[in-house]
>>> print(open('protein39.txt').read())   # compact mmCIF, C-alpha atoms
# COMPACT_ATOMS: atom_id res chain seq x y z
CA MET Q 1 69.39 114.47 76.72
CA ASP Q 2 73.06 113.43 76.81
CA LYS Q 3 73.97 116.68 78.51
CA ASN Q 4 71.22 116.07 81.03
CA GLN Q 5 72.61 112.64 81.86
CA GLU Q 6 76.01 114.22 82.38
CA HIS Q 7 74.62 116.79 84.82
CA LEU Q 8 72.81 114.08 86.76
CA GLU Q 9 76.02 112.11 87.03
CA ALA Q 10 77.91 115.18 88.21
CA ILE Q 11 75.33 115.70 90.95
CA ARG Q 12 75.58 112.06 91.98
CA ASP Q 13 79.37 112.41 92.20
CA ILE Q 14 79.04 115.50 94.36
CA ARG Q 15 76.65 113.78 96.73
CA THR Q 16 78.86 110.70 97.10
CA LEU Q 17 82.00 112.74 97.73
CA MET Q 18 80.30 114.97 100.27
CA GLU Q 19 79.02 111.96 102.20
CA ARG Q 20 82.15 109.86 101.92
CA SER Q 21 84.48 112.68 102.96
CA SER Q 22 82.49 113.83 105.97
CA ARG Q 23 80.96 110.67 107.44
CA PHE Q 24 82.46 107.41 108.65
CA LEU Q 25 80.40 104.89 106.69
CA PRO Q 26 81.67 101.37 107.39
CA LEU Q 27 79.68 100.90 110.62
CA SER Q 28 78.37 97.37 110.43
CA GLY Q 29 74.80 96.33 111.23
CA LEU Q 30 75.94 92.80 111.90
CA SER Q 31 78.21 94.05 114.70
CA GLY Q 32 75.18 95.86 116.21
CA MET Q 33 73.34 92.55 116.39
CA LEU Q 34 76.33 90.72 117.91
CA ILE Q 35 76.92 93.44 120.51
CA GLY Q 36 73.25 93.14 121.48
CA VAL Q 37 73.69 89.41 121.96
CA TRP Q 38 76.79 89.96 124.14
CA ALA Q 39 74.79 92.41 126.28
CA LEU Q 40 71.93 89.95 126.76
CA GLY Q 41 74.41 87.21 127.68
CA CYS Q 42 76.13 89.55 130.10
CA THR Q 43 72.81 90.36 131.81
CA ALA Q 44 71.90 86.68 132.07
CA ILE Q 45 75.25 85.99 133.78
CA ALA Q 46 74.69 88.98 136.10
CA TYR Q 47 71.32 87.58 137.19
CA SER Q 48 72.83 84.19 137.90
CA ILE Q 49 75.71 85.76 139.88
CA LEU Q 50 73.14 87.59 142.00
CA GLY Q 51 70.93 84.51 142.19
CA ILE Q 52 67.70 86.34 141.38
CA ALA Q 53 65.02 85.93 138.70
CA ILE Q 54 64.53 88.47 135.90
CA LYS Q 55 61.26 89.70 137.38
CA ASP Q 56 62.79 90.29 140.84
CA PRO Q 57 63.32 93.99 141.61
CA GLY Q 58 66.09 95.47 143.73
CA TYR Q 59 69.24 93.86 142.34
CA HIS Q 60 71.27 96.67 143.89
CA THR Q 61 70.22 95.80 147.43
CA LEU Q 62 72.11 92.52 146.97
CA LEU Q 63 75.25 94.35 145.92
CA MET Q 64 75.24 96.83 148.75
CA GLU Q 65 74.59 95.74 152.31
CA ASN Q 66 74.84 98.17 155.24
CA GLY Q 67 76.77 100.61 153.08
CA GLN Q 68 79.35 97.98 152.12
CA LEU Q 69 79.87 96.47 148.69
CA ASN Q 70 79.25 92.74 148.63
CA SER Q 71 82.76 91.34 148.40
CA SER Q 72 81.80 88.10 146.66
CA SER Q 73 79.24 89.14 144.03
CA PHE Q 74 80.47 92.67 143.24
CA PRO Q 75 83.89 91.76 141.75
CA LEU Q 76 82.28 89.01 139.68
CA LEU Q 77 79.67 91.43 138.36
CA MET Q 78 82.35 94.00 137.51
CA ALA Q 79 84.34 91.35 135.65
CA ASP Q 80 81.19 90.29 133.77
CA PHE Q 81 80.45 93.83 132.57
CA MET Q 82 84.08 94.63 131.74
CA LEU Q 83 84.25 91.47 129.64
CA ALA Q 84 81.05 92.48 127.81
CA LEU Q 85 82.51 95.95 127.16
CA LEU Q 86 85.71 94.46 125.78
CA ALA Q 87 83.77 92.00 123.59
CA ALA Q 88 81.56 94.83 122.29
CA LEU Q 89 84.51 97.11 121.46
CA SER Q 90 86.49 94.42 119.66
CA THR Q 91 83.41 93.23 117.74
CA GLY Q 92 82.64 96.77 116.61
CA LEU Q 93 86.22 97.41 115.56
CA LEU Q 94 86.78 94.10 113.74
CA MET Q 95 83.49 94.30 111.86
CA ALA Q 96 84.13 97.93 110.84
CA MET Q 97 87.53 96.90 109.49
CA ARG Q 98 85.91 94.08 107.55
CA LYS Q 99 83.19 96.29 106.14
CA ALA Q 100 85.68 99.03 105.19
CA LYS Q 101 87.66 96.47 103.22
CA LYS Q 102 84.51 95.36 101.44
CA MET Q 103 83.48 98.95 100.66
CA LYS Q 104 87.08 99.72 99.59
CA LEU Q 105 87.21 102.60 102.07
CA PRO Q 106 90.02 103.41 104.51
CA VAL Q 107 89.09 102.40 108.06
CA TRP Q 108 91.35 104.89 109.85
CA ASP Q 109 90.97 108.27 108.19
CA ALA Q 110 89.84 111.76 109.15
CA THR Q 111 86.17 110.70 109.30
CA ALA Q 112 86.94 107.82 111.68
CA LYS Q 113 88.95 110.11 113.97
CA ARG Q 114 86.25 112.74 114.01
CA MET Q 115 83.52 110.20 114.75
CA LEU Q 116 85.53 108.58 117.56
CA ALA Q 117 86.42 111.93 119.16
CA ASN Q 118 82.76 112.93 119.21
CA LEU Q 119 81.74 109.54 120.56
CA ALA Q 120 84.48 109.58 123.20
CA ILE Q 121 83.74 112.93 124.85
CA PRO Q 122 80.32 112.02 126.35
CA LEU Q 123 81.42 108.41 126.82
CA VAL Q 124 84.53 109.23 128.87
CA ALA Q 125 82.53 111.76 130.89
CA GLY Q 126 79.98 108.98 131.54
CA GLY Q 127 82.67 106.53 132.57
CA ILE Q 128 84.11 108.98 135.10
CA TYR Q 129 80.60 109.81 136.32
CA CYS Q 130 79.91 106.11 136.94
CA LEU Q 131 83.17 105.76 138.89
CA ILE Q 132 82.11 108.72 141.05
CA LEU Q 133 78.70 107.07 141.62
CA LEU Q 134 80.53 103.92 142.70
CA TYR Q 135 82.77 105.93 145.03
CA LEU Q 136 79.72 107.58 146.59
CA GLY Q 137 77.97 104.22 146.94
CA GLU Q 138 75.09 105.22 144.66
CA ILE Q 139 75.32 102.00 142.66
CA VAL Q 140 71.62 101.96 141.79
CA LEU Q 141 72.22 104.92 139.44
CA ILE Q 142 75.12 103.35 137.53
CA ALA Q 143 73.06 101.26 135.08
CA PRO Q 144 70.79 104.21 134.13
CA ALA Q 145 73.84 106.49 133.80
CA THR Q 146 75.58 104.14 131.34
CA LEU Q 147 72.45 104.18 129.14
CA LEU Q 148 72.09 107.97 129.30
CA PHE Q 149 75.70 108.81 128.50
CA TYR Q 150 75.89 106.14 125.78
CA GLY Q 151 72.76 107.60 124.17
CA LEU Q 152 74.20 111.13 124.31
CA ALA Q 153 77.47 109.87 122.80
CA LEU Q 154 75.58 108.23 119.91
CA VAL Q 155 73.53 111.35 119.18
CA ASN Q 156 76.74 113.39 119.18
CA ALA Q 157 78.64 110.96 116.94
CA SER Q 158 75.74 110.46 114.51
CA LYS Q 159 76.61 113.71 112.72
CA TYR Q 160 79.85 112.07 111.59
CA THR Q 161 78.66 108.59 110.65
CA ILE Q 162 75.50 106.88 109.37
CA ALA Q 163 72.61 109.16 110.31
CA GLU Q 164 70.45 106.34 111.71
CA LEU Q 165 72.68 106.19 114.77
CA ARG Q 166 70.86 109.29 115.99
CA PHE Q 167 67.60 107.36 116.49
CA LEU Q 168 69.37 104.61 118.41
CA GLY Q 169 70.92 107.32 120.60
CA ILE Q 170 67.56 108.94 121.34
CA LEU Q 171 66.06 105.56 122.26
CA GLU Q 172 69.03 104.82 124.56
CA ILE Q 173 68.50 108.19 126.30
CA ALA Q 174 64.79 107.42 126.77
CA THR Q 175 65.65 103.97 128.16
CA GLY Q 176 68.17 105.58 130.53
CA LEU Q 177 65.55 108.01 131.83
CA MET Q 178 63.05 105.19 132.39
CA ALA Q 179 65.77 103.18 134.12
CA THR Q 180 66.35 106.08 136.52
CA LEU Q 181 62.63 106.34 137.29
CA PHE Q 182 62.27 102.58 137.83
CA ALA Q 183 65.74 102.09 139.30
CA ASP Q 184 64.80 98.79 140.98
CA TYR Q 185 64.64 97.24 137.51
CA GLY Q 186 67.87 98.87 136.32
CA LEU Q 187 69.38 95.65 135.00
CA LEU Q 188 66.29 94.91 132.95
CA PHE Q 189 66.44 98.35 131.32
CA TRP Q 190 70.15 97.88 130.77
CA ALA Q 191 69.43 94.64 128.91
CA THR Q 192 66.75 96.40 126.86
CA GLY Q 193 69.00 99.32 125.94
CA PHE Q 194 72.23 97.52 125.23
CA GLY Q 195 70.74 94.19 124.18
CA ILE Q 196 67.38 94.47 122.43
CA LEU Q 197 67.82 97.97 120.97
CA HIS Q 198 71.21 97.02 119.49
CA ILE Q 199 69.79 93.87 117.93
CA VAL Q 200 66.80 95.69 116.39
CA TYR Q 201 69.05 98.51 115.15
CA GLY Q 202 71.56 96.01 113.76
CA ILE Q 203 68.86 94.15 111.81
CA LEU Q 204 67.52 97.41 110.34
CA ILE Q 205 71.00 98.60 109.26
CA TYR Q 206 71.87 95.17 107.91
CA ASN Q 207 68.71 95.06 105.80
CA LYS Q 208 69.22 98.60 104.55
CA TYR Q 209 72.92 98.58 103.64
CA GLU Q 210 74.43 95.12 103.79
CA LYS Q 211 71.97 92.71 102.23
CA MET U 212 67.07 129.31 79.13
CA LYS U 213 70.18 131.18 78.11
CA ASN U 214 70.99 132.76 81.47
CA TYR U 215 70.80 129.35 83.17
CA ILE U 216 73.62 128.20 80.96
CA ASP U 217 75.53 131.36 81.87
CA ASN U 218 75.46 130.25 85.48
CA ILE U 219 77.11 126.94 84.68
CA ASN U 220 80.60 127.67 85.86
CA LYS U 221 83.39 126.80 83.43
CA ALA U 222 85.75 126.27 86.35
CA PHE U 223 83.66 123.27 87.42
CA GLU U 224 83.52 121.57 84.07
CA SER U 225 86.29 119.29 85.26
CA ARG U 226 85.04 116.48 87.45
CA VAL U 227 88.14 116.73 89.63
CA ARG U 228 87.54 120.40 90.45
CA LEU U 229 83.89 119.68 91.16
CA GLY U 230 85.02 116.86 93.43
CA ILE U 231 87.53 119.03 95.29
CA MET U 232 84.91 121.67 95.95
CA SER U 233 82.32 119.06 97.05
CA ILE U 234 84.72 117.76 99.68
CA LEU U 235 85.70 121.24 100.87
CA MET U 236 82.04 122.24 101.24
CA VAL U 237 81.53 119.69 104.01
CA ASN U 238 84.98 119.78 105.64
CA ASP U 239 86.44 122.84 107.36
CA SER U 240 89.90 122.03 106.08
CA ILE U 241 91.47 119.00 104.54
CA ASP U 242 95.02 117.95 103.65
CA PHE U 243 96.49 116.90 100.32
CA SER U 244 96.72 113.20 101.04
CA THR U 245 93.10 112.94 102.19
CA LEU U 246 91.96 114.71 99.03
CA LYS U 247 94.05 112.34 96.96
CA GLU U 248 92.59 109.35 98.78
CA GLN U 249 89.01 110.55 98.28
CA LEU U 250 89.38 111.45 94.63
CA GLN U 251 91.74 108.60 93.70
CA ILE U 252 93.89 110.57 91.28
CA THR U 253 97.62 111.21 90.89
CA ASP U 254 99.60 113.87 92.78
CA GLY U 255 100.32 115.91 89.66
CA ASN U 256 96.74 115.87 88.46
CA LEU U 257 95.40 116.93 91.85
CA ALA U 258 98.06 119.63 92.27
CA SER U 259 97.27 121.25 88.93
CA HIS U 260 93.54 121.38 89.65
CA LEU U 261 94.18 122.76 93.15
CA ALA U 262 96.42 125.46 91.65
CA ALA U 263 93.67 126.41 89.18
CA LEU U 264 91.11 126.73 91.98
CA GLU U 265 93.55 128.70 94.10
CA LYS U 266 94.13 131.13 91.24
CA LEU U 267 90.37 131.74 91.09
CA GLU U 268 90.50 132.38 94.86
CA TYR U 269 88.04 129.53 95.42
CA LEU U 270 90.28 127.96 98.00
CA LEU U 271 92.63 128.96 100.74
CA VAL U 272 95.93 127.16 101.01
CA SER U 273 97.82 127.00 104.28
CA LYS U 274 101.20 125.41 104.67
CA GLN U 275 102.59 124.29 107.98
CA PHE U 276 104.84 121.67 109.46
CA ILE U 277 103.80 118.64 111.48
CA GLY U 278 107.08 117.79 113.16
CA LYS U 279 109.52 117.95 110.28
CA LYS U 280 107.03 117.01 107.59
CA PRO U 281 105.41 119.76 105.53
CA ASN U 282 101.65 119.62 105.58
CA THR U 283 99.39 121.58 103.26
CA THR U 284 95.73 122.03 104.01
CA TYR U 285 92.97 123.44 101.85
CA ALA U 286 89.73 125.20 102.74
CA ALA U 287 86.97 126.70 100.61
CA THR U 288 86.75 130.50 100.55
CA LYS U 289 83.53 132.48 100.65
CA ILE U 290 83.88 133.15 96.92
CA GLY U 291 84.43 129.44 96.29
CA ARG U 292 81.38 128.43 98.30
CA LYS U 293 79.21 130.95 96.49
CA ALA U 294 80.46 129.85 93.07
CA PHE U 295 79.86 126.20 93.91
CA SER U 296 76.31 126.82 95.18
CA GLU U 297 75.45 128.85 92.09
CA HIS U 298 76.83 126.12 89.89
CA LEU U 299 74.72 123.52 91.67
CA ASN U 300 71.59 125.65 91.40
CA ALA U 301 72.20 126.10 87.67
CA LEU U 302 72.67 122.35 87.21
CA GLU U 303 69.46 121.69 89.07
CA ARG U 304 67.45 124.14 87.00
CA LEU U 305 68.84 122.77 83.77
CA ILE U 306 67.78 119.28 84.76
CA ASN U 307 64.33 120.49 85.80
CA ILE U 308 63.81 122.30 82.48
CA SER U 309 64.82 119.38 80.30
CA GLY U 310 62.87 116.99 82.49
CA GLN U 311 59.61 118.85 81.80
>>> encode(input="protein39.txt", output="structure tokens")
Amino acid sequence: MDKNQEHLEAIRDIRTLMERSSRFLPLSGLSGMLIGVWALGCTAIAYSILGIAIKDPGYHTLLMENGQLNSSSFPLLMADFMLALLAALSTGLLMAMRKAKKMKLPVWDATAKRMLANLAIPLVAGGIYCLILLYLGEIVLIAPATLLFYGLALVNASKYTIAELRFLGILEIATGLMATLFADYGLLFWATGFGILHIVYGILIYNKYEK
Amino acid sequence: MKNYIDNINKAFESRVRLGIMSILMVNDSIDFSTLKEQLQITDGNLASHLAALEKLEYLLVSKQFIGKKPNTTYAATKIGRKAFSEHLNALERLINISGQ
């Protein structure tokens, strides 16, 4: 029986080492929730900049008139979204550092680099794609494109971090496709994808790993 | 029962060697300092276990320079992977038998 216990322990060791050495584990659920809140706040500000109600379709027609970008609301909207992006990135980073410290794991190691590289490839492609859409004046497609590329980036990165990220990625892709189909409500889908999905995902991860 | 015990590989009786192989199974190649970080053991201890595994041809050692600093990376060989899988299977069967 003693021998058996020893074998079981050896197997547990193997499993832990395999996971810890190949996946970046200190992704925080709490940061998921916070990022979702930032996204919802960002959308609320966007609606007030545009001066429309949530149920009103066609936000993009207010940004683009006669083929020209609206010079008063467009820069404000850009600033709003850039601020949200910055807040999301710093929240994610700070919370990962905090969780790594708690788990006694290094925050910047081979697993972190591999996860970030795999996250960055689709994400940078998406960023450039959105800039091209802006250049071509196809602003209605930008919100759906951010959701799609973000979802693809998550699915790609999920192989190198907590596996649950894959499901969030698939849901973001689905939201992005819906947002393309119902492009008039792009902002609403954006709030669903980056706001509500992040909050739900964050709560699930928090309950599973951090409670 | 006896041949299951035969498959338990003596080379993996040490936890450190088992740990090294576990890490190399899921990483294409890995350097000395990362291994040390993951296993939390001393340089000398890790080096002696790595040498033992290298002698068995379970791992492939490649030395190169990053700038002026020497950098040694390790990867599991085909023989090493096979030996590790067989060891795991043997462990599993042993547990199943005594669990019945």
>>> closest_atom_pairs(input="protein39.txt", of="chain Q", to="chain U", cutoff="7 Å", atoms="all atoms listed in the file", output="tab-separated table")
residue	atom	partner	partner_atom	distance
Q:Asn4	CA	U:Ile306	CA	6.0
Q:His7	CA	U:Leu302	CA	6.4
Q:Ile14	CA	U:Ser233	CA	5.5
Q:Leu17	CA	U:Ile234	CA	6.0
Q:Met18	CA	U:Ile234	CA	5.3
Q:Ser21	CA	U:Ile234	CA	6.1
Q:Ser22	CA	U:Val237	CA	6.3
>>> closest_residue(input="protein39.txt", among="Q:Val37, Q:Ala143, Q:Ala112, Q:Leu204", to="Leu188 in chain Q", atoms="only C-alpha atoms")
Q:Ala143
>>> atom_distance(input="protein39.txt", atom1="CA of Leu165 in chain Q", atom2="CA of Leu181 in chain Q")
24.7 Å
>>> closest_residue(input="protein39.txt", among="U:Ile219, U:Leu261, U:Ile252, U:Leu271", to="Glu297 in chain U", atoms="only C-alpha atoms")
U:Ile219
>>> atom_distance(input="protein39.txt", atom1="CA of Ile45 in chain Q", atom2="CA of Pro144 in chain Q")
18.8 Å
>>> atom_distance(input="protein39.txt", atom1="CA of Phe24 in chain Q", atom2="CA of Lys99 in chain Q")
11.4 Å
>>> closest_residue(input="protein39.txt", among="Q:Ala157, Q:Ala100, Q:Leu89, Q:Met64", to="Leu136 in chain Q", atoms="only C-alpha atoms")
Q:Met64
>>> residues_around(input="protein39.txt", residues="Ala262 in chain U", least_positions_apart="5", cutoff="12 Å", atoms="only C-alpha atoms", output="list in words")
Ala222, Arg228, Ile231, Gly255, Asn256, Leu257, Leu267, Glu268, Tyr269, Leu270, Leu271, Val272 and Tyr285 of chain U
